[in-house]
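Enquirer: Dropping the structure in here first, questions after.
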Amino acid sequence: RNERRRIEREAIRRGCSPPPVMPRKGFMGFGWLAEGLRATKTDRGPQHVIESIDQEMGKDVHTVLVGIFDYDLIVSRDPANVQAVLATEAHDWDISEHRAASWEPLKHSRSLIRPQFSMQQINDLDLLERHVQQLIAAISRHRDGGCAQGWTRKFDLQPLFYNLALDVVTEMVYGYSVHSQNPAERVELPELPGHEPSDRANIGKHMDAGKFWVETRGALWKYRWLLPSWPFSKHCAAVHKYAEWFVQLRLRRGDDYLDGLQHQQGAANKDRYVLLHELAKMTQDPVELRSQTLNVLIAGRDTTAALLGWAFYLLARHPRVWNKLRRDVLEKFGHNPPRGFGTKEFRVLLPYLHAVINETLRVAPVVPLNERVALRDTILPRGGGPNRDRPIFVPKGTQILIPTYAMAQRPDLWGPDYDQFRPERWLEDGGRRFGFEFLPFGGGVRQCLGQQFARIKAAYVTVRLLQRYDRIENAETPPDGPMRFHHTIENRSGSGVQVRLHEADADPSAP
Ligand code: HEM
């Protein structure tokens, strides 16, 4: 009670007013938590946040207080508040100890890796091209005698993007790809006395399982101790062992680290950028090297795959956009692989592709929800009082949820067609600029380090597939089912990306 009085006094002293409060739900206030978990399970988590606020408080209420058992949570889809949390007042906020603890021991600080991402060498188009060729070969395996000429049969493109992303990121981080797209490509690892070879074949599975536990622990927030810890520990140990093996190889072999790849074209080039190799020039601490490389492996793997999956999910449902984009790509590059391009060049040469990627991230956000905790008493600039225009006092320890998807779906910010996939909106009136209402890669001090890499990778793969295939057919049944936001840290399509593709050089008159 003393704390409540202190909060009221502080709020008045600082000229703040309380935000609207969502009605408490369920046994001891656990109703919202239970509903949220149920919505996530049925692939509707991000939509559920919007519906709950709209239904309980109204469409024009953007910041609310939610009581859950013994703690209060703020949810804000107001860009002004989000800007304060992530940027202007970021010193008052950080990720919660619960989230940090949920991730432990899979993730670590980013101090060493940050400079790596300001360098252009992470955009290795030769590396991407090798894996795109593997992707095309994997797509071709979905063609057989029973297919109409030039067409694949119906298949799910999404897992192939996940394979590609894992193969690319393991090669970029450790130099040796796991080749999940085509295990026959995997090279024998050199002998390393005293260290067993890592379980490369199953590393993707261990990472998936680890993510499932991170997600579940994170959702339970401070009640995560209710879960058993051994399954999480088991998968973490396997992921650690995988990383440690490469760290040891690099520490023992130094510049000859990539010698095991000698017979593979391009991949064995000594000047090639390998994150572990660069970090090992700065520290020889094996635990630091393991943590930092795993940080990038985890953050960079599935996010890009999910983005590519959603892009093709949406393109398959919007033939007008597919045709326009393909015309653009062929006009600029013909059938040749684009060369020497960074994100800026792609953006200037292919503004429509840039718009398609942004619109995909808006309509199907890869990271639909973010969160922070107040490190000290602080203020949110808007949302309090009867007109919801007063600042809000936030006591130390309060958690804020930032539903980025809900911000990207506000009709007052995006117009009446906010729920339509329409890339043109990004090019109108001289091009829409990013504000805090669009945060696919986060914002402020903790924003995504891999944003440029992710954009280049998504753009490059899209260009190469558009050159190769002239038609895409949505093969989902029923074809017009709702989008299913399947959330395991990143948000991927819960129904996959069921398509048929038609090869461009095949008989164009075929059905
Ligand atoms: C579409 C693809 C991607 C999306 C949507 C995305 C999104 C995000 C977001 C929202 C954050 C900020 C989290 C926060 O505010 O707490 C973040 C952080 C980060 N991302 Fe990405 N990301 C993507 C791809 C990548 C790639 C390809 C890499 C690396 C190769 C990467 C590396 C990182 C790193 C290192 C961080 C910082 C993590 C930390 O602070 O510990 N991301 N990303």
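As shown in the structure tokens, the chain order sets the letters A, B, ...; within each chain, residues go from 1, and ligands are also counted from 1 in the order they appear.
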Around ligand 1, which protein and nucleic acid residues have at least one atom no more than 6 Å from it, if we count only C-alpha atoms and all ligand atoms? List them as a list in words.

Expert: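 Selection of residues at most 6 Å from ligand 1: Ser109, Arg110, Val296, Ala299, Gly300, Thr303, Thr304, Leu307, Val366, Val367, Pro440, Phe441, Gly442, Arg446, Gln447, Cys448, Leu449, Gly450, Gln451, Phe453 and Ala454 of chain A.
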
Enquirer: Quick one: residues within 10 Å of Arg422 in chain A, only C-alpha atoms counted, chain neighbours fewer than 6 positions away excluded, as a compact mmCIF listing (two decimals) with N, CA and C atoms, in the first residue's frame?

Expert:
# COMPACT_ATOMS: atom_id res chain seq x y z
N HIS A 318 -0.77 -12.61 -54.85
CA HIS A 318 -0.91 -11.32 -55.53
C HIS A 318 -0.17 -11.34 -56.86
N VAL A 321 1.42 -8.19 -58.29
CA VAL A 321 2.69 -7.76 -57.70
C VAL A 321 3.83 -8.62 -58.23
N ALA A 355 10.10 -2.02 -51.77
CA ALA A 355 8.74 -1.79 -51.28
C ALA A 355 8.05 -3.12 -50.93
N VAL A 356 8.29 -4.15 -51.76
CA VAL A 356 7.66 -5.46 -51.50
C VAL A 356 8.19 -6.02 -50.18
N GLU A 359 6.64 -4.03 -47.32
CA GLU A 359 5.21 -4.33 -47.17
C GLU A 359 5.02 -5.73 -46.58
N THR A 360 5.91 -6.66 -46.95
CA THR A 360 5.85 -8.00 -46.36
C THR A 360 6.09 -7.90 -44.85
N VAL A 363 2.89 -6.41 -43.20
CA VAL A 363 1.68 -7.24 -43.18
C VAL A 363 1.93 -8.55 -42.39

Enquirer: Expressed in Å to a single decimal, how great is the separation between CA of Glu89 in chain A and CA of Val394 in chain A?

Expert: 12.3 Å

Enquirer: If you measure from CA of Gln248 in chain A to CA of Ser180 in chain A, what distance in Å do you get, rounded to one decimal?

Expert: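 Interatomic distance, CA of Gln248 in chain A to CA of Ser180 in chain A: 22.8 Å.
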
Enquirer: Write out as a PDB file with N, CA and C atoms, in the first residue's frame the residues lying within 12 Å of Ala138 in chain A, counting only C-alpha atoms and excluding same-chain residues fewer than 2 positions away.

Expert:
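Saved as out-v1.pdb:
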ATOM      1  N   HIS A 131      24.355 -21.004 -52.456  1.00  0.00           N
ATOM      2  CA  HIS A 131      23.215 -21.598 -51.738  1.00  0.00           C
ATOM      3  C   HIS A 131      21.903 -21.426 -52.509  1.00  0.00           C
ATOM      4  N   VAL A 132      21.822 -20.379 -53.332  1.00  0.00           N
ATOM      5  CA  VAL A 132      20.630 -20.246 -54.183  1.00  0.00           C
ATOM      6  C   VAL A 132      20.600 -21.407 -55.186  1.00  0.00           C
ATOM      7  N   GLN A 133      21.767 -21.785 -55.702  1.00  0.00           N
ATOM      8  CA  GLN A 133      21.807 -22.912 -56.645  1.00  0.00           C
ATOM      9  C   GLN A 133      21.318 -24.199 -55.958  1.00  0.00           C
ATOM     10  N   GLN A 134      21.688 -24.355 -54.692  1.00  0.00           N
ATOM     11  CA  GLN A 134      21.202 -25.520 -53.929  1.00  0.00           C
ATOM     12  C   GLN A 134      19.678 -25.450 -53.747  1.00  0.00           C
ATOM     13  N   LEU A 135      19.197 -24.229 -53.535  1.00  0.00           N
ATOM     14  CA  LEU A 135      17.750 -24.040 -53.362  1.00  0.00           C
ATOM     15  C   LEU A 135      17.013 -24.424 -54.644  1.00  0.00           C
ATOM     16  N   ILE A 136      17.546 -23.938 -55.775  1.00  0.00           N
ATOM     17  CA  ILE A 136      16.887 -24.238 -57.055  1.00  0.00           C
ATOM     18  C   ILE A 136      16.913 -25.751 -57.319  1.00  0.00           C
ATOM     19  N   SER A 140      13.707 -28.137 -57.814  1.00  0.00           N
ATOM     20  CA  SER A 140      13.568 -29.011 -58.990  1.00  0.00           C
ATOM     21  C   SER A 140      13.219 -30.445 -58.588  1.00  0.00           C
ATOM     22  N   ARG A 141      13.585 -30.837 -57.396  1.00  0.00           N
ATOM     23  CA  ARG A 141      13.230 -32.191 -56.947  1.00  0.00           C
ATOM     24  C   ARG A 141      11.715 -32.343 -56.783  1.00  0.00           C
ATOM     25  N   HIS A 142      10.994 -31.221 -56.829  1.00  0.00           N
ATOM     26  CA  HIS A 142       9.530 -31.293 -56.752  1.00  0.00           C
ATOM     27  C   HIS A 142       8.895 -31.320 -58.143  1.00  0.00           C
ATOM     28  N   ARG A 143       9.718 -31.676 -59.147  1.00  0.00           N
ATOM     29  CA  ARG A 143       9.158 -31.867 -60.491  1.00  0.00           C
ATOM     30  C   ARG A 143       9.298 -33.336 -60.822  1.00  0.00           C
ATOM     31  N   THR A 152       6.270 -27.361 -61.182  1.00  0.00           N
ATOM     32  CA  THR A 152       6.514 -28.301 -60.089  1.00  0.00           C
ATOM     33  C   THR A 152       5.146 -28.814 -59.655  1.00  0.00           C
ATOM     34  N   PHE A 155       4.122 -28.009 -53.443  1.00  0.00           N
ATOM     35  CA  PHE A 155       5.065 -28.294 -52.364  1.00  0.00           C
ATOM     36  C   PHE A 155       5.171 -27.089 -51.432  1.00  0.00           C
ATOM     37  N   ASP A 156       5.805 -27.321 -50.280  1.00  0.00           N
ATOM     38  CA  ASP A 156       5.955 -26.249 -49.286  1.00  0.00           C
ATOM     39  C   ASP A 156       7.340 -25.622 -49.451  1.00  0.00           C
ATOM     40  N   LEU A 157       7.361 -24.361 -49.878  1.00  0.00           N
ATOM     41  CA  LEU A 157       8.626 -23.667 -50.125  1.00  0.00           C
ATOM     42  C   LEU A 157       9.304 -23.247 -48.821  1.00  0.00           C
ATOM     43  N   GLN A 158       8.505 -23.108 -47.767  1.00  0.00           N
ATOM     44  CA  GLN A 158       9.050 -22.530 -46.524  1.00  0.00           C
ATOM     45  C   GLN A 158      10.238 -23.307 -45.938  1.00  0.00           C
ATOM     46  N   PRO A 159      10.143 -24.656 -45.807  1.00  0.00           N
ATOM     47  CA  PRO A 159      11.293 -25.369 -45.226  1.00  0.00           C
ATOM     48  C   PRO A 159      12.565 -25.197 -46.047  1.00  0.00           C
ATOM     49  N   LEU A 160      12.419 -25.003 -47.350  1.00  0.00           N
ATOM     50  CA  LEU A 160      13.615 -24.827 -48.188  1.00  0.00           C
ATOM     51  C   LEU A 160      14.295 -23.489 -47.873  1.00  0.00           C
ATOM     52  N   PHE A 161      13.499 -22.471 -47.532  1.00  0.00           N
ATOM     53  CA  PHE A 161      14.096 -21.191 -47.116  1.00  0.00           C
ATOM     54  C   PHE A 161      14.788 -21.344 -45.757  1.00  0.00           C
ATOM     55  N   ASN A 163      16.218 -24.100 -44.687  1.00  0.00           N
ATOM     56  CA  ASN A 163      17.483 -24.781 -44.976  1.00  0.00           C
ATOM     57  C   ASN A 163      18.506 -23.779 -45.510  1.00  0.00           C
ATOM     58  N   LEU A 164      18.071 -22.983 -46.481  1.00  0.00           N
ATOM     59  CA  LEU A 164      18.985 -22.002 -47.076  1.00  0.00           C
ATOM     60  C   LEU A 164      19.558 -21.073 -46.008  1.00  0.00           C
ATOM     61  N   HIS A 179      25.008 -27.472 -44.763  1.00  0.00           N
ATOM     62  CA  HIS A 179      24.398 -28.047 -45.969  1.00  0.00           C
ATOM     63  C   HIS A 179      23.165 -28.876 -45.651  1.00  0.00           C
ATOM     64  N   SER A 180      22.195 -28.245 -44.996  1.00  0.00           N
ATOM     65  CA  SER A 180      20.966 -28.977 -44.699  1.00  0.00           C
ATOM     66  C   SER A 180      20.120 -29.153 -45.968  1.00  0.00           C
ATOM     67  N   GLN A 181      20.326 -28.268 -46.958  1.00  0.00           N
ATOM     68  CA  GLN A 181      19.561 -28.395 -48.208  1.00  0.00           C
ATOM     69  C   GLN A 181      19.969 -29.669 -48.950  1.00  0.00           C
ATOM     70  N   ASN A 182      21.256 -29.937 -48.917  1.00  0.00           N
ATOM     71  CA  ASN A 182      21.754 -31.124 -49.606  1.00  0.00           C
ATOM     72  C   ASN A 182      22.938 -31.700 -48.835  1.00  0.00           C
ATOM     73  N   PRO A 183      22.649 -32.630 -47.888  1.00  0.00           N
ATOM     74  CA  PRO A 183      23.716 -33.149 -47.015  1.00  0.00           C
ATOM     75  C   PRO A 183      24.878 -33.760 -47.789  1.00  0.00           C
TER      76      PRO A 183
END
